[in-house]
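Q: Structure file work33.cif (mmCIF, C-alpha atoms) right here:
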```
data_entry
#
loop_
_atom_site.label_atom_id
_atom_site.label_comp_id
_atom_site.auth_asym_id
_atom_site.auth_seq_id
_atom_site.Cartn_x
_atom_site.Cartn_y
_atom_site.Cartn_z
CA MET A 11 6.73 -19.09 4.79
CA SER A 12 7.60 -19.41 1.11
CA ILE A 13 6.56 -16.87 -1.50
CA ARG A 14 4.97 -18.86 -4.32
CA THR A 15 6.08 -17.13 -7.51
CA ILE A 16 5.40 -17.22 -11.25
CA LEU A 17 7.78 -15.78 -13.87
CA VAL A 18 6.25 -14.45 -17.09
CA ASP A 19 8.39 -13.46 -20.08
CA ASP A 20 8.38 -14.33 -23.78
CA GLU A 21 12.20 -14.47 -23.76
CA PRO A 22 13.45 -17.76 -22.20
CA LEU A 23 16.87 -16.26 -21.45
CA ALA A 24 15.23 -13.43 -19.49
CA THR A 25 13.22 -15.96 -17.47
CA GLN A 26 16.33 -18.03 -16.79
CA GLY A 27 18.32 -14.96 -15.76
CA LEU A 28 15.64 -13.80 -13.33
CA ARG A 29 15.33 -17.28 -11.86
CA LEU A 30 19.09 -17.32 -11.19
CA ARG A 31 18.95 -13.90 -9.51
CA LEU A 32 16.10 -15.10 -7.30
CA GLU A 33 17.97 -18.20 -6.09
CA PRO A 34 19.73 -16.39 -3.19
CA HIS A 35 16.27 -15.48 -1.82
CA ASP A 36 15.48 -18.64 0.12
CA ASP A 37 11.82 -17.80 0.61
CA ILE A 38 11.10 -17.65 -3.15
CA GLU A 39 9.51 -20.77 -4.65
CA VAL A 40 9.06 -20.58 -8.42
CA VAL A 41 5.94 -22.70 -9.04
CA ALA A 42 5.52 -21.97 -12.77
CA THR A 43 6.72 -19.96 -15.74
CA ALA A 44 4.78 -18.61 -18.72
CA ASN A 45 5.84 -17.43 -22.17
CA ASN A 46 2.90 -15.14 -22.95
CA GLY A 47 -0.08 -13.38 -21.45
CA ARG A 48 -2.63 -16.14 -22.03
CA GLU A 49 -0.36 -18.74 -20.43
CA ALA A 50 0.20 -16.35 -17.54
CA ILE A 51 -3.52 -15.98 -16.83
CA ARG A 52 -4.02 -19.76 -16.87
CA ALA A 53 -0.99 -20.34 -14.63
CA ILE A 54 -2.08 -17.70 -12.11
CA LYS A 55 -5.61 -19.10 -11.90
CA THR A 56 -4.23 -22.64 -11.51
CA HIS A 57 -1.39 -22.06 -9.03
CA LYS A 58 -2.76 -19.02 -7.15
CA PRO A 59 0.72 -17.59 -6.51
CA ASP A 60 1.67 -14.90 -4.01
CA LEU A 61 3.85 -13.02 -6.50
CA VAL A 62 4.21 -12.66 -10.29
CA PHE A 63 7.19 -11.15 -12.11
CA LEU A 64 5.52 -9.93 -15.27
CA ASP A 65 7.03 -8.76 -18.55
CA ILE A 66 5.10 -5.92 -20.20
CA GLN A 67 5.90 -6.27 -23.91
CA MET A 68 4.70 -9.70 -25.04
CA PRO A 69 2.94 -10.97 -28.18
CA GLY A 70 -0.85 -10.93 -27.89
CA PHE A 71 -1.74 -10.15 -24.28
CA ASP A 72 0.73 -7.68 -22.76
CA GLY A 73 1.38 -7.41 -19.04
CA PHE A 74 -1.41 -4.92 -18.41
CA SER A 75 -3.89 -7.18 -20.25
CA VAL A 76 -2.90 -10.01 -17.92
CA ILE A 77 -3.92 -7.96 -14.90
CA GLN A 78 -7.21 -7.01 -16.55
CA GLY A 79 -7.83 -10.71 -17.27
CA LEU A 80 -7.68 -11.49 -13.54
CA MET A 81 -10.35 -9.07 -12.38
CA GLU A 82 -12.65 -11.86 -11.14
CA VAL A 83 -10.04 -13.59 -8.94
CA GLU A 84 -7.99 -12.56 -5.93
CA PRO A 85 -4.89 -11.06 -7.58
CA PRO A 86 -1.33 -11.81 -6.52
CA LEU A 87 1.29 -9.12 -6.10
CA PHE A 88 2.85 -7.99 -9.38
CA VAL A 89 6.35 -6.78 -10.17
CA PHE A 90 6.77 -5.54 -13.73
CA VAL A 91 10.03 -6.43 -15.48
CA THR A 92 10.70 -4.69 -18.79
CA ALA A 93 13.36 -3.33 -21.11
CA TYR A 94 11.37 -0.13 -21.61
CA GLY A 95 11.24 2.77 -19.17
CA ASP A 96 8.14 4.48 -20.50
CA HIS A 97 5.60 2.21 -18.77
CA ALA A 98 6.45 3.13 -15.18
CA LEU A 99 3.46 5.44 -14.76
CA ARG A 100 0.96 2.80 -15.91
CA ALA A 101 2.69 0.19 -13.75
CA PHE A 102 2.17 2.13 -10.54
CA GLU A 103 -1.37 3.03 -11.57
CA ALA A 104 -1.95 -0.74 -11.85
CA GLN A 105 -0.83 -1.00 -8.19
CA ALA A 106 2.34 -2.92 -9.03
CA VAL A 107 4.71 -3.43 -6.11
CA ASP A 108 7.67 -2.35 -8.22
CA TYR A 109 8.99 -1.80 -11.74
CA LEU A 110 12.31 -3.36 -12.70
CA MET A 111 14.42 -2.62 -15.76
CA LYS A 112 16.21 -5.38 -17.68
CA PRO A 113 18.81 -6.58 -17.04
CA VAL A 114 17.71 -6.83 -13.41
CA GLU A 115 20.39 -5.78 -10.95
CA GLU A 116 20.82 -7.88 -7.80
CA ASP A 117 20.76 -4.90 -5.41
CA ARG A 118 17.64 -3.51 -7.06
CA LEU A 119 15.96 -6.92 -6.89
CA ALA A 120 16.80 -7.17 -3.18
CA THR A 121 15.04 -3.85 -2.56
CA THR A 122 12.02 -5.08 -4.49
CA MET A 123 11.87 -8.27 -2.46
CA GLU A 124 11.82 -6.30 0.78
CA ARG A 125 8.80 -4.41 -0.53
CA VAL A 126 7.15 -7.67 -1.54
CA ARG A 127 7.69 -9.19 1.91
CA GLN A 128 6.25 -6.10 3.56
CA ARG A 129 3.16 -6.13 1.34
CA LEU A 130 2.63 -9.87 1.88
CA SER A 131 2.97 -9.41 5.64
CA GLU A 132 0.29 -6.73 5.55
CA LYS A 133 -1.96 -8.85 3.32
CA ARG A 134 -1.59 -12.01 5.40
CA GLY A 135 -2.12 -10.05 8.60
CA ALA A 136 -5.43 -8.74 7.29
CA GLN A 137 -6.44 -12.26 6.21
CA GLU A 138 -5.60 -13.66 9.64
CA ALA A 139 -7.69 -10.96 11.28
CA GLU A 140 -10.63 -11.79 8.99
CA ARG A 141 -10.34 -15.54 9.70
CA PHE A 142 -10.16 -14.79 13.43
CA LYS A 143 -13.32 -12.72 13.17
CA GLU A 144 -15.16 -15.41 11.16
CA ALA A 145 -14.16 -18.11 13.66
CA LEU A 146 -15.45 -16.02 16.53
CA GLU A 147 -18.73 -15.38 14.74
CA GLU A 148 -19.19 -19.12 14.20
CA HIS A 149 -18.08 -20.49 17.57
CA ALA A 150 -18.41 -17.56 19.97
CA PRO A 151 -20.93 -15.05 18.60
CA GLU A 152 -21.11 -13.12 21.88
CA ALA A 153 -17.34 -12.57 21.89
CA ALA A 154 -17.50 -11.51 18.24
CA GLU A 155 -20.16 -8.95 19.08
CA GLU A 156 -18.08 -7.57 21.95
CA LEU A 157 -15.06 -7.32 19.66
CA ALA A 158 -17.08 -5.44 17.06
CA GLU A 159 -18.39 -3.03 19.69
CA GLY A 160 -14.86 -2.49 20.99
CA GLY A 161 -13.54 -1.37 17.61
CA THR A 162 -10.50 -2.66 15.75
CA THR A 163 -7.92 -2.40 18.52
CA ALA A 164 -8.30 -6.08 19.47
CA GLU A 165 -7.78 -7.39 15.94
CA PRO A 166 -4.44 -9.16 15.50
CA HIS A 167 -2.02 -7.32 13.23
CA ALA A 168 -4.48 -4.41 12.91
CA SER A 169 -1.74 -1.94 12.01
CA ASN A 170 -0.72 -4.09 9.04
CA ARG A 171 -3.92 -3.16 7.24
CA PHE A 172 -2.75 0.37 6.64
CA GLU A 173 -0.46 1.85 3.99
CA LYS A 174 3.25 2.30 4.64
CA MET A 175 3.94 3.94 1.26
CA ILE A 176 1.61 5.94 -0.98
CA ASN A 177 2.16 6.36 -4.72
CA ILE A 178 1.29 9.88 -5.89
CA LYS A 179 1.15 10.88 -9.55
CA ASP A 180 1.95 14.57 -9.76
CA GLN A 181 2.95 16.56 -12.86
CA GLY A 182 3.55 13.43 -14.91
CA GLN A 183 5.80 11.78 -12.31
CA ILE A 184 5.29 9.06 -9.71
CA PHE A 185 6.38 9.92 -6.17
CA ARG A 186 6.60 7.17 -3.53
CA VAL A 187 5.84 8.86 -0.23
CA ASP A 188 6.63 7.22 3.10
CA VAL A 189 3.57 7.89 5.28
CA ASP A 190 5.87 8.55 8.25
CA THR A 191 6.99 11.76 6.51
CA ILE A 192 3.46 13.07 5.90
CA GLU A 193 2.85 15.96 8.26
CA ARG A 194 -0.68 16.89 7.26
CA ILE A 195 -3.22 16.46 4.48
CA ASP A 196 -5.47 19.28 3.29
CA ALA A 197 -8.58 18.65 1.21
CA ALA A 198 -9.49 20.68 -1.87
CA GLY A 199 -12.56 19.06 -3.37
CA ASP A 200 -11.61 15.64 -4.75
CA TYR A 201 -7.91 16.51 -4.47
CA MET A 202 -5.68 16.02 -1.42
CA CYS A 203 -2.65 18.23 -0.76
CA ILE A 204 -0.07 15.96 0.87
CA GLN A 205 2.30 18.05 3.01
CA THR A 206 5.62 16.49 4.00
CA GLY A 207 7.10 19.51 5.71
CA ASP A 208 9.29 20.66 2.81
CA ASN A 209 7.18 19.46 -0.09
CA THR A 210 3.57 19.48 -1.30
CA LEU A 211 2.12 16.83 -3.62
CA ILE A 212 -1.36 16.62 -5.11
CA LEU A 213 -3.33 13.35 -4.95
CA ARG A 214 -6.67 12.85 -6.68
CA GLU A 215 -8.67 11.05 -4.01
CA THR A 216 -11.43 11.86 -1.55
CA MET A 217 -10.57 12.41 2.10
CA LYS A 218 -12.92 9.61 3.11
CA ASP A 219 -11.06 7.07 0.95
CA LEU A 220 -7.65 8.32 2.03
CA GLU A 221 -8.58 8.01 5.71
CA LYS A 222 -9.25 4.30 5.18
CA ARG A 223 -5.67 3.83 3.99
CA LEU A 224 -4.02 5.51 6.99
CA ASP A 225 -3.61 4.22 10.55
CA PRO A 226 -6.18 6.14 12.67
CA ARG A 227 -3.94 5.83 15.71
CA ARG A 228 -1.56 8.25 14.00
CA PHE A 229 -3.57 10.14 11.38
CA GLN A 230 -6.59 12.01 12.69
CA ARG A 231 -8.90 14.59 11.20
CA VAL A 232 -8.70 17.81 13.21
CA HIS A 233 -10.83 19.89 10.89
CA ARG A 234 -13.43 19.17 8.24
CA SER A 235 -10.73 19.46 5.57
CA THR A 236 -7.49 18.58 7.43
CA ILE A 237 -5.82 15.36 8.60
CA VAL A 238 -2.75 15.57 10.85
CA ASN A 239 0.01 13.10 11.66
CA LEU A 240 -0.19 13.14 15.46
CA ASP A 241 3.38 11.85 15.78
CA LEU A 242 4.59 15.14 14.29
CA VAL A 243 2.67 17.44 16.66
CA ARG A 244 5.09 19.40 18.84
CA GLN A 245 2.83 21.87 20.67
CA VAL A 246 -0.81 22.56 21.45
CA LYS A 247 -1.79 26.25 21.61
CA PRO A 248 -5.22 27.04 23.11
CA HIS A 249 -7.44 29.45 21.20
CA THR A 250 -10.85 31.00 21.74
CA ASN A 251 -14.26 29.26 21.76
CA GLY A 252 -12.85 25.84 22.60
CA GLU A 253 -10.63 25.76 19.55
CA CYS A 254 -6.84 25.38 19.50
CA PHE A 255 -3.85 25.18 17.16
CA LEU A 256 -1.44 22.28 16.70
CA VAL A 257 2.15 23.28 15.99
CA LEU A 258 3.84 20.72 13.73
CA ASP A 259 7.47 19.75 13.21
CA SER A 260 7.84 22.15 10.30
CA GLY A 261 6.50 25.04 12.38
CA ALA A 262 3.16 25.05 10.55
CA GLN A 263 0.09 25.67 12.69
CA VAL A 264 -3.14 23.77 12.12
CA LYS A 265 -6.44 24.84 13.60
CA VAL A 266 -8.45 22.23 15.50
CA SER A 267 -12.16 22.96 15.34
CA ARG A 268 -14.45 22.31 18.30
CA SER A 269 -15.99 19.30 16.53
CA TYR A 270 -12.64 17.52 16.65
CA ARG A 271 -11.30 18.76 19.99
CA ASP A 272 -11.33 15.19 21.41
CA VAL A 273 -8.28 14.56 19.23
CA VAL A 274 -6.30 16.96 21.42
CA ALA A 275 -7.23 15.08 24.58
CA ARG A 276 -4.51 12.49 23.96
CA PHE A 277 -1.87 15.22 24.34
CA VAL A 278 -3.19 16.35 27.72
CA HIS A 279 -2.29 14.18 30.73
#
```
Take the structure in the file and give it back as structure tokens.

A:
Amino acid sequence: MSIRTILVDDEPLATQGLRLRLEPHDDIEVVATANNGREAIRAIKTHKPDLVFLDIQMPGFDGFSVIQGLMEVEPPLFVFVTAYGDHALRAFEAQAVDYLMKPVEEDRLATTMERVRQRLSEKRGAQEAERFKEALEEHAPEAAEELAEGGTTAEPHASNRFEKMINIKDQGQIFRVDVDTIERIDAAGDYMCIQTGDNTLILRETMKDLEKRLDPRRFQRVHRSTIVNLDLVRQVKPHTNGECFLVLDSGAQVKVSRSYRDVVARFVH
């Protein structure tokens, strides 16, 4: 399936150069170009692309203003392309897929495209699941009700709905954390301490919201204020009063309270 793409830059040579670098990517279909922010908004609303390569510094509407101007429509994926390195923080806060520096290097662009394909796969998987659910509700309401009662395990591509990478702003820097490396998450008010075994990063987000972003088949709450990556549990140590400890890859021990002891059941055969 092609990736319908729009290129936005006020420098024609930059647009031409990016188009040439995208040619080896057979799944890219450039459906439009735009020279400024206002043109970009009109083109995006007209063509409804999957992906937009967006310059930041442009006369009038800059790249961030373009995103704000699309709040009422389903947004495409954005990759920022700029000659300035001091906008990276705002770019990731705007949920951009990536941030490329001019002139764009072919290897760096290839990495970006892999991220784009992954994100589109996740997005399309979620859309397919939603269409499947709507079709069932219309044509087979009883089956739809059974599916809803059975949880999300029967939804096609269910795992694609969850994050593979999490962007964390910590001490003025952006860290891209692979969720596979997250060992546990500890809550401290509206802040989450993300533990990756040898590193700790602070994320401003509630535990409830973070749980929605992680695959529940792997990440489970074992305490009121702790989420654990079950794939990184190496030992279960019984404790008193129905409680126990999980020993993780790093050697850290996490207490499982009685309220969450059903989580341990999957380790006992």

Q: Leaving out stretch 112-119 of chain A and any residue of its chain fewer than 4 positions from it, which residues lie within 8 Å of it when counting only C-alpha atoms, given as a ChimeraX atom specification?

A: /A:28,31,91-93,123

Q: Please enumerate the residues selected by the PyMOL selection byres ((chain A and resi 24) around 12) when evaluated against the supplied file, formatted as a list in words.

A: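 Checked against the file, the PyMOL selection byres ((chain A and resi 24) around 12) matches Leu17, Val18, Asp19, Asp20, Glu21, Pro22, Leu23, Thr25, Gln26, Gly27, Leu28, Arg29, Leu30, Arg31, Thr43, Ala44, Asn45, Phe63, Leu64, Asp65, Val91, Thr92, Ala93, Met111, Lys112, Pro113 and Val114 of chain A.
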
Q: So which one's closest to A:Pro69, A:His249, A:Arg48, A:Arg234, A:His57? Using only C-alpha atoms, please.

A: A:Arg48

Q: So which one's closest to A:Ser131, A:Asp60, A:Val232, A:Asp196, A:Glu49? Using all atoms listed in the file, please.

A: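 Smallest distance to A:Ser131 is found for A:Asp60.
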
Q: Just give me the gap between atom CA of A:Gln67 and atom CA of A:Met175 in Å, one decimal is fine.

A: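 Computing it gives 27.2 Å between the two atoms.
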
Q: So which one's closest to A:Val62, A:Leu80, A:Ile16, A:Ile38, A:Val107? Using all atoms listed in the file, please.

A: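 Counting all atoms listed in the file, the residue closest to A:Val62 is A:Ile16.
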
Q: If you count all atoms listed in the file, which residues fall within 10 Å of A:Ile195, apart from same-chain ones fewer than 2 positions away, as a PDB file with C-alpha atoms, keeping the file's coordinate frame?

A:
```pdb
ATOM      1  CA  ILE A 192       3.460  13.070   5.900  1.00  0.00           C
ATOM      2  CA  GLU A 193       2.850  15.960   8.260  1.00  0.00           C
ATOM      3  CA  ALA A 197      -8.580  18.650   1.210  1.00  0.00           C
ATOM      4  CA  ALA A 198      -9.490  20.680  -1.870  1.00  0.00           C
ATOM      5  CA  MET A 202      -5.680  16.020  -1.420  1.00  0.00           C
ATOM      6  CA  CYS A 203      -2.650  18.230  -0.760  1.00  0.00           C
ATOM      7  CA  ILE A 204      -0.070  15.960   0.870  1.00  0.00           C
ATOM      8  CA  GLN A 205       2.300  18.050   3.010  1.00  0.00           C
ATOM      9  CA  THR A 206       5.620  16.490   4.000  1.00  0.00           C
ATOM     10  CA  THR A 210       3.570  19.480  -1.300  1.00  0.00           C
ATOM     11  CA  LEU A 211       2.120  16.830  -3.620  1.00  0.00           C
ATOM     12  CA  ILE A 212      -1.360  16.620  -5.110  1.00  0.00           C
ATOM     13  CA  LEU A 213      -3.330  13.350  -4.950  1.00  0.00           C
ATOM     14  CA  MET A 217     -10.570  12.410   2.100  1.00  0.00           C
ATOM     15  CA  LEU A 220      -7.650   8.320   2.030  1.00  0.00           C
ATOM     16  CA  PHE A 229      -3.570  10.140  11.380  1.00  0.00           C
ATOM     17  CA  GLN A 230      -6.590  12.010  12.690  1.00  0.00           C
ATOM     18  CA  ARG A 231      -8.900  14.590  11.200  1.00  0.00           C
ATOM     19  CA  SER A 235     -10.730  19.460   5.570  1.00  0.00           C
ATOM     20  CA  THR A 236      -7.490  18.580   7.430  1.00  0.00           C
ATOM     21  CA  ILE A 237      -5.820  15.360   8.600  1.00  0.00           C
ATOM     22  CA  VAL A 238      -2.750  15.570  10.850  1.00  0.00           C
ATOM     23  CA  ASN A 239       0.010  13.100  11.660  1.00  0.00           C
TER      24      ASN A 239
END
```

Q: Counting all atoms listed in the file, which residue out of A:Arg186, A:Lys55, A:Lys179, A:Arg127 sits closest to A:Met11?

A: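 For A:Met11, the nearest of the candidates is A:Arg127.
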
Q: Grab the atom CA of A:Cys254 to atom CA of A:Val266 distance for me, in Å with one decimal place.

A: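 These atoms are spaced 5.3 Å apart.
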
Q: I'd like to know which of A:Ile13, A:Ala42, A:Ala120, A:Leu258 is closest to A:Pro86, using all atoms listed in the file.

A: A:Ile13

Q: Using atom CA of A:Arg214 and atom CA of A:Asp200 as the two end points, give the distance in Å to one decimal.

A: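 Between atom CA of A:Arg214 and atom CA of A:Asp200 the gap is 6.0 Å.
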